[in-house]
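Colleague: Next up is a structure, given as structure tokens.
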Amino acid sequence: MFDIVYVSYNSSKWIDKCFGSLLNLDYDLKKLNIYVVDNASTDNTVDLLNAFAEKHGNAFGTFEVIGEKSNWGFGKANNIGFSKGESDFVCFLNIDTEVFA
């Protein structure tokens with residue numbers, strides 16, 4: 001198992017490609033714990049993340065959207081996501097990352 005932490009802020013344009021790419025991995029998605037920390041987006045990022053989690057979240061070990069009421073910045077938001085996980089390995093990926101494997 002391993003955790004992947006993402007930080008989002010007004011990131012709606014990247015949600016579909018970022019998380020859609022994970023669904024196409026040739027890997028047991030139940031071994032992935034996804035934590036997305038949203039830094040108080042003012043667009044529909046959180047709505048899109050929650051819709052993705054509702055539709056596809058069961059494919060993963062965990063898919064958690066952490067909606068913050070303040071923009072804590074990239075570093076602190078990563079630490080918030082990191083604190084949610086329990087895996088021995090953690091990846092910090094940017095929200096515009098598409099994973100291919």
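Quick note on naming: the chains in the structure tokens go A, B, ... in the order shown, residues restart at 1 in each chain, and ligands are numbered from 1 in order of appearance.
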Quick one: DSSP alpha helix (DSSP H) residues in chain A, as a ChimeraX atom specification?
Modeller: /A:12-23,45-56,74-84
Colleague: So which residues touch A:Asn50 within 10 Å, counting only C-alpha atoms, skipping near sequence neighbours fewer than 3 positions away, as a count of residues only?
Modeller: 13
Colleague: Find the distance between atom CA of A:Ile80 and atom CA of A:Leu23 and write it in Å to one decimal.
Modeller: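 Spanning atom CA of A:Ile80 to atom CA of A:Leu23 is a straight-line distance of 24.2 Å.
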Colleague: Which residues come within 7 Å of A:Ile95, counting only C-alpha atoms, excluding same-chain residues fewer than 3 positions away, as a ChimeraX atom specification?
Modeller: /A:6-8,14,18
Colleague: Please measure the separation of atom CA of A:Cys91 and atom CA of A:Asp43, giving the value in Å to one decimal.
Modeller: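 It comes out at 25.7 Å.
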Colleague: So how far away is atom CA of A:Asn39 from atom CA of A:Lys13, in Å?
Modeller: 15.5 Å
Colleague: List the spatial neighbours of A:Asn78 as a list in words - criterion: any atom at most 8 Å away, only C-alpha atoms, same-chain residues fewer than 3 positions off excluded.
Modeller: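 Here the qualifying residues turn out to be Val5, Tyr6, Val7, Val37, Phe74, Gly75, Gly81, Phe82 and Phe92 of chain A.
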Colleague: Point out the residue among A:Tyr9, A:Phe2, A:Phe100, A:Tyr27 with the least atom-to-atom distance to A:Ala40, counting only C-alpha atoms.
Modeller: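 Closest candidate: A:Tyr9.
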Colleague: Nearest to A:Leu29 among A:Leu93, A:Ala77, A:Ala59, A:Val99, with distances taken over only C-alpha atoms: which residue is it?
Modeller: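 Closest candidate: A:Ala59.
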Colleague: Which is closer to A:Asp28 than all the others in A:Phe60, A:Trp72, A:Ala101, A:Ser87, using only C-alpha atoms?
Modeller: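 Among A:Phe60, A:Trp72, A:Ala101, A:Ser87, it is A:Phe60 that comes nearest to A:Asp28.
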Colleague: Point out the residue among A:Tyr35, A:Thr97, A:Asn44, A:Asn24 with the least atom-to-atom distance to A:Asn79, counting only C-alpha atoms.
Modeller: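 Of A:Tyr35, A:Thr97, A:Asn44, A:Asn24, the one nearest A:Asn79 is A:Tyr35, counting only C-alpha atoms.
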Colleague: For a quick check of understanding, using only C-alpha atoms, which of A:Ser70, A:Ser83, A:Ala51, A:Thr62 has the smallest distance to A:Ile15?
Modeller: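 For A:Ile15, the nearest of the given residues is A:Ala51.
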Colleague: Counting only C-alpha atoms, figure out which residue out of A:Asp96, A:Gly85, A:Ser41, A:Leu48 gets nearest to A:Gly73.
Modeller: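 Selected residue with least distance to A:Gly73: A:Ser41.
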Colleague: Would you mind writing down, as a PyMOL selection string, each residue of stretch 2-97 of chain A that DSSP on the backbone assigns to strand (DSSP E)?
Modeller: chain A and resi 2-8+32-39+62-68+90-94
